Every structure is written in C-alpha cells, then in structure tokens.
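**Q** Have a peek at coords.txt (compact mmCIF, C-alpha atoms).
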# COMPACT_ATOMS: atom_id res chain seq x y z
CA MET I 1193 -9.15 -5.73 -4.93
CA SER I 1194 -8.67 -2.05 -4.12
CA ASN I 1195 -5.76 -0.76 -2.08
CA ILE I 1196 -8.01 0.33 0.80
CA VAL I 1197 -9.20 -3.25 1.26
CA ARG I 1198 -5.58 -4.47 1.10
CA ILE I 1199 -4.54 -1.96 3.77
CA ILE I 1200 -7.42 -3.01 6.04
CA ILE I 1201 -6.60 -6.72 5.64
CA SER I 1202 -2.90 -6.03 6.24
CA SER I 1203 -3.73 -4.05 9.38
CA PHE I 1204 -5.85 -6.89 10.75
CA LEU I 1205 -3.05 -9.34 10.00
CA LEU I 1206 -0.61 -7.11 11.87
CA ILE I 1207 -2.94 -6.89 14.88
CA GLY I 1208 -3.42 -10.69 14.78
CA THR I 1209 0.34 -11.21 14.69
CA VAL I 1210 0.83 -8.96 17.71
CA VAL I 1211 -1.87 -10.89 19.57
CA LEU I 1212 -0.15 -14.19 18.72
CA PHE I 1213 3.11 -12.91 20.16
CA TRP I 1214 1.29 -11.52 23.21
CA PHE I 1215 -0.12 -14.95 24.07
CA GLY I 1216 3.22 -16.70 23.51
CA HIS I 1217 2.55 -18.46 20.18
CA TRP I 1218 5.96 -17.67 18.73
CA ALA I 1219 5.91 -20.06 15.77
CA LEU I 1220 2.53 -18.81 14.56
CA GLY I 1221 3.65 -15.25 15.26
CA ILE I 1222 6.68 -15.60 13.00
CA LEU I 1223 4.49 -17.10 10.28
CA GLY I 1224 2.09 -14.20 10.83
CA ILE I 1225 4.95 -11.71 10.34
CA LEU I 1226 5.80 -13.29 6.99
CA ILE I 1227 2.18 -13.23 5.83
CA THR I 1228 1.77 -9.61 7.03
CA ILE I 1229 4.89 -8.53 5.14
CA LEU I 1230 3.58 -10.23 2.00
CA ALA I 1231 0.21 -8.49 2.41
CA TRP I 1232 1.87 -5.07 2.86
CA VAL I 1233 4.05 -5.64 -0.21
CA THR I 1234 0.95 -6.21 -2.35
CA VAL I 1235 -0.27 -2.76 -1.33
CA PHE I 1236 2.72 -1.11 -2.99
CA PHE I 1237 3.41 -3.63 -5.76
CA ASN I 1238 0.31 -5.09 -7.38
CA GLU I 1239 0.67 -8.82 -7.95
CA ASN I 1240 -0.90 -8.61 -11.41
CA MET I 1241 1.70 -6.03 -12.48
CA LEU I 1242 4.51 -8.17 -11.08
CA LEU I 1243 3.30 -11.25 -12.92
CA ALA I 1244 2.82 -9.28 -16.16
CA GLN I 1245 6.39 -7.99 -15.91
CA TRP I 1246 7.61 -11.53 -15.27
CA PHE I 1247 5.91 -12.84 -18.41
CA LEU I 1248 7.17 -9.88 -20.45
CA ARG I 1249 10.73 -10.76 -19.44
CA LYS I 1250 10.04 -14.33 -20.55
CA GLU I 1251 8.60 -12.89 -23.81
CA ASN I 1252 5.23 -14.53 -23.26
CA MET I 1253 3.02 -11.67 -24.45
CA PRO I 1254 -0.39 -13.44 -24.25
CA LYS I 1255 0.14 -14.34 -20.59
CA ALA I 1256 1.39 -10.84 -19.76
CA GLU I 1257 -1.67 -9.34 -21.43
CA GLN I 1258 -3.90 -11.76 -19.54
CA TRP I 1259 -2.48 -10.60 -16.19
CA LEU I 1260 -2.74 -6.93 -17.15
CA LYS I 1261 -6.39 -7.37 -18.15
CA LYS I 1262 -7.13 -8.56 -14.62
CA ILE I 1263 -6.57 -4.96 -13.50
CA ASN I 1264 -10.06 -3.57 -14.12
CA ASN I 1265 -9.70 -0.09 -12.65
CA TYR I 1266 -6.04 0.84 -12.48
CA GLU I 1267 -6.73 4.07 -10.56
CA LYS I 1268 -8.15 2.15 -7.60
CA GLN I 1269 -6.07 -1.00 -7.75
CA LEU I 1270 -2.64 0.59 -8.23
CA ILE I 1271 -0.85 3.30 -6.34
CA THR I 1272 -0.25 6.48 -8.34
CA ALA I 1273 3.43 5.65 -8.87
CA GLN I 1274 2.40 2.56 -10.87
CA HIS I 1275 -0.09 4.23 -13.23
CA GLY I 1276 2.58 5.18 -15.76
CA TYR I 1277 4.15 1.73 -15.65
CA TYR I 1278 0.75 0.13 -16.26
CA HIS I 1279 0.32 2.12 -19.46
CA MET I 1280 3.89 1.43 -20.48
CA LEU I 1281 3.34 -2.32 -20.18
CA LEU I 1282 0.15 -1.99 -22.22
CA GLY I 1283 2.12 -0.04 -24.83
CA ILE I 1284 4.83 -2.70 -25.03
CA ILE I 1285 2.23 -5.42 -25.52
CA GLU I 1286 0.30 -3.36 -28.09
CA SER I 1287 3.50 -2.54 -29.99
CA GLN I 1288 3.91 -6.24 -30.75
CA ARG I 1289 0.51 -6.33 -32.47
CA ALA I 1290 0.03 -2.85 -33.92
CA PRO I 1291 2.95 -0.46 -33.40
CA LEU I 1292 1.03 2.63 -34.49
CA GLN I 1293 -1.71 1.95 -31.93
CA SER I 1294 0.77 1.79 -29.06
CA GLU I 1295 1.56 5.52 -29.29
CA LYS I 1296 -1.33 6.53 -27.02
CA PHE I 1297 -0.16 4.18 -24.25
CA PHE I 1298 3.42 5.46 -24.30
CA LYS I 1299 2.29 9.09 -24.31
CA LYS I 1300 -0.04 8.42 -21.39
CA ALA I 1301 2.77 6.65 -19.52
CA LEU I 1302 5.05 9.66 -19.97
CA THR I 1303 2.35 12.06 -18.80
CA LEU I 1304 1.52 9.96 -15.74
CA GLY I 1305 5.20 9.69 -14.91
CA LEU I 1306 7.89 7.06 -15.03
CA HIS I 1307 10.41 7.23 -12.22
CA MET I 1308 13.33 5.35 -13.73
CA ASP I 1309 15.33 7.02 -16.45
CA HIS I 1310 15.74 3.90 -18.57
CA ASN I 1311 11.95 3.46 -18.65
CA VAL I 1312 11.54 7.05 -19.85
CA ALA I 1313 14.18 6.33 -22.50
CA LEU I 1314 12.36 3.16 -23.57
CA ALA I 1315 9.04 5.00 -23.90
CA LYS I 1316 10.63 7.81 -25.93
CA LEU I 1317 12.50 5.33 -28.11
CA SER I 1318 9.23 3.53 -28.83
CA LEU I 1319 7.54 6.84 -29.65
CA ALA I 1320 10.44 7.64 -31.98
CA GLY I 1321 9.83 4.34 -33.76
CA VAL I 1322 6.17 5.22 -34.18
CA ALA I 1323 7.12 8.68 -35.50
CA MET I 1324 9.48 7.06 -38.01
CA ALA I 1325 6.72 4.74 -39.15
CA LYS I 1326 4.54 7.81 -39.71
CA ARG I 1327 7.41 9.43 -41.70
CA ASN I 1328 7.72 12.27 -39.18
CA LYS I 1329 11.49 12.61 -39.15
CA ARG I 1330 11.70 15.81 -37.10
CA GLU I 1331 9.68 14.37 -34.21
CA ALA I 1332 11.61 11.09 -34.39
CA GLU I 1333 14.94 12.92 -34.15
CA LYS I 1334 13.69 14.96 -31.19
CA LEU I 1335 12.45 11.86 -29.37
CA LEU I 1336 15.68 9.99 -30.09
CA SER I 1337 17.78 12.79 -28.64
CA GLU I 1338 15.53 12.87 -25.54
CA ALA I 1339 15.83 9.10 -25.24
CA LYS I 1340 19.61 9.37 -25.48
CA LYS I 1341 19.63 11.98 -22.68
CA ALA I 1342 17.38 9.83 -20.49
CA ASP I 1343 19.47 6.69 -21.05
CA LYS I 1344 22.17 7.57 -18.53
CA ASN I 1345 23.38 4.00 -18.02
CA LYS I 1346 23.58 3.32 -21.78
CA LEU I 1347 21.16 0.40 -21.56
CA LEU I 1348 19.47 1.35 -24.84
CA ALA I 1349 22.54 2.72 -26.67
CA ASP I 1350 22.51 -0.06 -29.29
CA GLN I 1351 18.81 0.40 -30.02
CA ILE I 1352 19.20 4.18 -30.30
CA LYS I 1353 22.14 3.74 -32.70
CA MET I 1354 20.16 1.24 -34.76
CA MET I 1355 17.21 3.65 -34.92
CA LYS I 1356 19.50 6.47 -36.13
CA ASP I 1357 20.90 4.17 -38.81
CA GLN I 1358 17.37 3.36 -39.95
CA MET I 1359 16.62 7.08 -40.14
CA SER I 1360 19.64 7.64 -42.39
CA LEU I 1361 18.45 4.77 -44.61
CA MET I 1362 15.04 6.41 -44.73
CA ASP I 1363 16.71 9.62 -46.02
CA LYS I 1364 18.59 7.68 -48.71
CA GLN I 1365 15.38 6.01 -49.86
CA GLN I 1366 13.64 9.37 -50.16
CA ILE I 1367 16.50 10.77 -52.26
CA ARG I 1368 16.48 7.71 -54.52
CA TYR I 1369 12.72 7.86 -55.09
CA SER I 1370 12.59 11.61 -55.62
CA ARG I 1371 14.83 11.46 -58.73
Please lay out the structure from this file as structure tokens.
**A**
Amino acid sequence: MSNIVRIIISSFLLIGTVVLFWFGHWALGILGILITILAWVTVFFNENMLLAQWFLRKENMPKAEQWLKKINNYEKQLITAQHGYYHMLLGIIESQRAPLQSEKFFKKALTLGLHMDHNVALAKLSLAGVAMAKRNKREAEKLLSEAKKADKNKLLADQIKMMKDQMSLMDKQQIRYSR
C-alpha cells in the first residue's frame, strides 16, 4: 500500500475519532486515537521493514527476506529516509548467501543515505569484507578506516579489529606463496 493511501486512511481515522469525541462516545474515541496513532506510525515506519528487522535480530534470514520481498516498489511504499535502510537489509540478507553479490546493495544504501553512524560503519565494514574477498587491499584499508571513523560509539570495534587481523594474515600468505 502506498504512503498516499496510508495518509488518506489515517486522515479519515482522525476525522472519525474527532466525530466520536464530538458526540460523546469517549471509550470509542480513545480506541480511535490508538488506532489513528498506529495508522500514522505506519506512514513513517513501514510494517514490512519493521518485521524484517525483527527477524534479522532473531537471525531468521528466510523470514526477513520474505517480509522484504513484500515491498514491491520501495520508492512508493517507503519514505525517502528508509530507502537506504531497505537496501542495507537486502545487502545483509544477500551477504549470507553470496557475499560478493551483496556489494551492490551496500553501495546503493550508502548513496541513498543512512542516517545513523553505526549503520554507515556496518555498510562500509561489509564493503571492506567484499574488497578483501576480491583481494583489493587498498580499497579494503580505505573502507576500514572510514568504518572506524563512522563507528563513534565503538559498536563495531571488535569486528574492525578482526578484519584488520585478517588483512595482516592475507599479507603473510602472499609473502609465503611468493617465495
């Protein structure tokens, strides 16, 4: 359902709630307020995205993918602030199956914009992992340093350190095989 339809339905619910209060039906009016608030929340936070995030936290990737696939046209169904997060969730799901294929989703998420710094850091860390898999050390180092800058609350510090350790192991393997 597009956001315009949601806004229209929410507006009618608001008008109906006001009418209920006007005629003195207080119990139904309070129930109407709760339903109207829920309808307005779905304008700004798509329920499919919320459920997909829930299943990602529970590490149930097939269910998360199922809820994300219910978003047919993300440009109409989501507000512009959620476009980047939609692609980031697709990238996280795709990285479980084929890590090299997830690069396009993370790049698109960064271009569309992620508002929270730790999400930017996660996307750049994932792109650094893809660059390491492609044996592009220079790009991986650049992305890791950008991820470290974006991770202001040190939520991904352990993963960044682990990635740097893997890069040093990659250097040692190259030296060993070049002799």
**Q** To one decimal place, how far is atom CA of Arg1327 of chain I from atom CA of Glu1295 of chain I in Å?
**A**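 Between atom CA of Arg1327 of chain I and atom CA of Glu1295 of chain I the gap is 14.3 Å.
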**Q** With a distance cut-off of 9 Å and all atoms listed in the file, select the neighbouring residues of Gln1293 of chain I, excluding the residue or stretch itself and same-chain residues fewer than 4 positions from it, and output the selection as a list in words.
**A** Gly1283, Glu1286, Ser1287, Arg1289, Phe1297 and Val1322 of chain I
**Q** Fewer than 3 positions away in the same chain doesn't count, so skip those; otherwise give me all residues within 10 Å of Met1355 of chain I, counting all atoms listed in the file, as a PyMOL selection string.
**A** chain I and resi 1317+1320-1321+1324+1332-1333+1336+1349-1352+1358-1361
**Q** With C-alpha atoms retained, write the just-selected residues as a compact mmCIF listing (two decimals), in the coordinates of the input.
**A**
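Wrote it out as again_10.txt, contents follow:
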# COMPACT_ATOMS: atom_id res chain seq x y z
CA LEU I 1317 12.50 5.33 -28.11
CA ALA I 1320 10.44 7.64 -31.98
CA GLY I 1321 9.83 4.34 -33.76
CA MET I 1324 9.48 7.06 -38.01
CA ALA I 1332 11.61 11.09 -34.39
CA GLU I 1333 14.94 12.92 -34.15
CA LEU I 1336 15.68 9.99 -30.09
CA ALA I 1349 22.54 2.72 -26.67
CA ASP I 1350 22.51 -0.06 -29.29
CA GLN I 1351 18.81 0.40 -30.02
CA ILE I 1352 19.20 4.18 -30.30
CA GLN I 1358 17.37 3.36 -39.95
CA MET I 1359 16.62 7.08 -40.14
CA SER I 1360 19.64 7.64 -42.39
CA LEU I 1361 18.45 4.77 -44.61
**Q** When distances are computed from all atoms listed in the file, which of I:Ala1301, I:Met1308, I:Ala1342, I:Leu1248 shows the smallest separation from Gln1288 of chain I?
**A** I:Leu1248
**Q** So, with all atoms listed in the file as the atoms that count, which of I:Lys1329, I:Lys1341, I:His1310, I:His1275 lies closest to Lys1356 of chain I?
**A**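 Going through I:Lys1329, I:Lys1341, I:His1310, I:His1275 one by one, the smallest distance to Lys1356 of chain I is for I:Lys1329.
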**Q** Just give me the gap between atom CA of Ser1194 of chain I and atom CA of Lys1268 of chain I in Å, one decimal is fine.
**A**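 That distance, rounded to one decimal, is 5.5 Å.
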**Q** Extract, using all atoms listed in the file, all DNA, RNA and protein residues at most 12 Å from Lys1300 of chain I, discarding same-chain residues fewer than 3 positions from it, and format them as an MDAnalysis selection string.
**A** chainID I and resid 1275:1283 1294:1297 1303:1306 1312 1315:1316 1319
**Q** Restricting the calculation to all atoms listed in the file: of I:Leu1220, I:Ala1231, I:Leu1302, I:Leu1335, which residue gets closest to Ala1273 of chain I?
**A**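 Looking only at the distances to Ala1273 of chain I, the closest residue turns out to be I:Leu1302.
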**Q** Report, in Å to a single decimal, how far apart atom CA of Leu1243 of chain I and atom CA of Ile1271 of chain I are.
**A**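 Taking atom CA of Ile1271 of chain I and atom CA of Leu1243 of chain I, their separation equals 16.5 Å.
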**Q** Within 7 Å of Ala1313 of chain I, counting all atoms listed in the file, which residues show up once you throw out same-chain ones fewer than 5 positions away? Write them as a list in words, please.
**A**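 Final neighbour list, sorted by chain and number: Ala1339, Lys1340, Ala1342 and Asp1343 of chain I.
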**Q** Which centre and which edge lengths, in Å to one decimal, describe the axis-aligned box that holds all listed atoms of segment 1292-1302 of chain I after 5 Å is added on each side, as AutoDock Vina command-line options?
**A**
--center_x 1.7 --center_y 5.7 --center_z -27.0 --size_x 16.8 --size_y 17.9 --size_z 25.0
**Q** My list of candidates is I:Phe1298, I:Leu1270, I:Asp1309, I:His1217. Which is closest to Leu1242 of chain I when distances are computed with only C-alpha atoms?
**A** I:Leu1270
**Q** Rank I:Ile1284, I:Glu1239, I:Asn1311, I:Ile1200 by their smallest atom-to-atom distance to Asn1345 of chain I, using only C-alpha atoms, and report the top residue only.
**A**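 Ranking I:Ile1284, I:Glu1239, I:Asn1311, I:Ile1200 by distance to Asn1345 of chain I, first place goes to I:Asn1311.
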**Q** So, with only C-alpha atoms as the atoms that count, which of I:Leu1347, I:Leu1314, I:Asp1357, I:Asn1195 lies closest to Phe1237 of chain I?
**A**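 Closest candidate: I:Asn1195.
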**Q** Find the residues around Gln1269 of chain I up to 9 Å (all atoms listed in the file counted), leave out those fewer than 6 positions away in its own chain, and share them as a count of residues only.
**A** 7
**Q** Please output segment 1271-1294 of chain I, rebuilt to include N, CA and C atoms, as a PDB file, in the coordinates of the input.
**A**
ATOM      1  N   ILE I1271      -1.221   2.012  -6.919  1.00  0.00           N
ATOM      2  CA  ILE I1271      -0.850   3.300  -6.340  1.00  0.00           C
ATOM      3  C   ILE I1271      -0.461   4.222  -7.500  1.00  0.00           C
ATOM      4  N   THR I1272      -0.460   5.526  -7.255  1.00  0.00           N
ATOM      5  CA  THR I1272      -0.250   6.480  -8.340  1.00  0.00           C
ATOM      6  C   THR I1272       1.119   6.330  -8.999  1.00  0.00           C
ATOM      7  N   ALA I1273       2.102   5.842  -8.285  1.00  0.00           N
ATOM      8  CA  ALA I1273       3.430   5.650  -8.870  1.00  0.00           C
ATOM      9  C   ALA I1273       3.436   4.555  -9.927  1.00  0.00           C
ATOM     10  N   GLN I1274       2.445   3.662  -9.913  1.00  0.00           N
ATOM     11  CA  GLN I1274       2.400   2.560 -10.870  1.00  0.00           C
ATOM     12  C   GLN I1274       1.532   2.842 -12.084  1.00  0.00           C
ATOM     13  N   HIS I1275       0.809   3.952 -12.111  1.00  0.00           N
ATOM     14  CA  HIS I1275      -0.090   4.230 -13.230  1.00  0.00           C
ATOM     15  C   HIS I1275       0.677   4.338 -14.545  1.00  0.00           C
ATOM     16  N   GLY I1276       1.793   5.043 -14.531  1.00  0.00           N
ATOM     17  CA  GLY I1276       2.580   5.180 -15.760  1.00  0.00           C
ATOM     18  C   GLY I1276       3.148   3.851 -16.228  1.00  0.00           C
ATOM     19  N   TYR I1277       3.587   3.030 -15.291  1.00  0.00           N
ATOM     20  CA  TYR I1277       4.150   1.730 -15.650  1.00  0.00           C
ATOM     21  C   TYR I1277       3.087   0.793 -16.218  1.00  0.00           C
ATOM     22  N   TYR I1278       1.861   0.931 -15.723  1.00  0.00           N
ATOM     23  CA  TYR I1278       0.750   0.130 -16.260  1.00  0.00           C
ATOM     24  C   TYR I1278       0.546   0.452 -17.734  1.00  0.00           C
ATOM     25  N   HIS I1279       0.520   1.732 -18.066  1.00  0.00           N
ATOM     26  CA  HIS I1279       0.320   2.120 -19.460  1.00  0.00           C
ATOM     27  C   HIS I1279       1.536   1.765 -20.318  1.00  0.00           C
ATOM     28  N   MET I1280       2.710   1.816 -19.723  1.00  0.00           N
ATOM     29  CA  MET I1280       3.890   1.430 -20.480  1.00  0.00           C
ATOM     30  C   MET I1280       3.862  -0.055 -20.830  1.00  0.00           C
ATOM     31  N   LEU I1281       3.452  -0.888 -19.893  1.00  0.00           N
ATOM     32  CA  LEU I1281       3.340  -2.320 -20.180  1.00  0.00           C
ATOM     33  C   LEU I1281       2.287  -2.584 -21.248  1.00  0.00           C
ATOM     34  N   LEU I1282       1.165  -1.852 -21.173  1.00  0.00           N
ATOM     35  CA  LEU I1282       0.150  -1.990 -22.220  1.00  0.00           C
ATOM     36  C   LEU I1282       0.706  -1.566 -23.574  1.00  0.00           C
ATOM     37  N   GLY I1283       1.511  -0.501 -23.588  1.00  0.00           N
ATOM     38  CA  GLY I1283       2.120  -0.040 -24.830  1.00  0.00           C
ATOM     39  C   GLY I1283       3.090  -1.047 -25.404  1.00  0.00           C
ATOM     40  N   ILE I1284       3.870  -1.688 -24.549  1.00  0.00           N
ATOM     41  CA  ILE I1284       4.830  -2.700 -25.030  1.00  0.00           C
ATOM     42  C   ILE I1284       4.083  -3.882 -25.643  1.00  0.00           C
ATOM     43  N   ILE I1285       3.016  -4.296 -24.992  1.00  0.00           N
ATOM     44  CA  ILE I1285       2.230  -5.420 -25.520  1.00  0.00           C
ATOM     45  C   ILE I1285       1.554  -5.027 -26.830  1.00  0.00           C
ATOM     46  N   GLU I1286       0.998  -3.824 -26.873  1.00  0.00           N
ATOM     47  CA  GLU I1286       0.300  -3.360 -28.090  1.00  0.00           C
ATOM     48  C   GLU I1286       1.284  -3.153 -29.238  1.00  0.00           C
ATOM     49  N   SER I1287       2.520  -2.774 -28.930  1.00  0.00           N
ATOM     50  CA  SER I1287       3.500  -2.540 -29.990  1.00  0.00           C
ATOM     51  C   SER I1287       3.870  -3.827 -30.709  1.00  0.00           C
ATOM     52  N   GLN I1288       3.655  -4.966 -30.086  1.00  0.00           N
ATOM     53  CA  GLN I1288       3.910  -6.240 -30.750  1.00  0.00           C
ATOM     54  C   GLN I1288       2.849  -6.535 -31.807  1.00  0.00           C
ATOM     55  N   ARG I1289       1.616  -6.087 -31.540  1.00  0.00           N
ATOM     56  CA  ARG I1289       0.510  -6.330 -32.470  1.00  0.00           C
ATOM     57  C   ARG I1289       0.399  -5.230 -33.510  1.00  0.00           C
ATOM     58  N   ALA I1290       0.238  -3.996 -33.035  1.00  0.00           N
ATOM     59  CA  ALA I1290       0.030  -2.850 -33.920  1.00  0.00           C
ATOM     60  C   ALA I1290       0.857  -1.677 -33.401  1.00  0.00           C
ATOM     61  N   PRO I1291       2.061  -1.490 -33.946  1.00  0.00           N
ATOM     62  CA  PRO I1291       2.950  -0.460 -33.400  1.00  0.00           C
ATOM     63  C   PRO I1291       2.364   0.950 -33.420  1.00  0.00           C
ATOM     64  N   LEU I1292       1.582   1.282 -34.420  1.00  0.00           N
ATOM     65  CA  LEU I1292       1.030   2.630 -34.490  1.00  0.00           C
ATOM     66  C   LEU I1292      -0.038   2.870 -33.428  1.00  0.00           C
ATOM     67  N   GLN I1293      -0.678   1.810 -32.961  1.00  0.00           N
ATOM     68  CA  GLN I1293      -1.710   1.950 -31.930  1.00  0.00           C
ATOM     69  C   GLN I1293      -1.127   2.094 -30.531  1.00  0.00           C
ATOM     70  N   SER I1294       0.150   1.746 -30.385  1.00  0.00           N
ATOM     71  CA  SER I1294       0.770   1.790 -29.060  1.00  0.00           C
ATOM     72  C   SER I1294       1.174   3.204 -28.649  1.00  0.00           C
TER      73      SER I1294
END
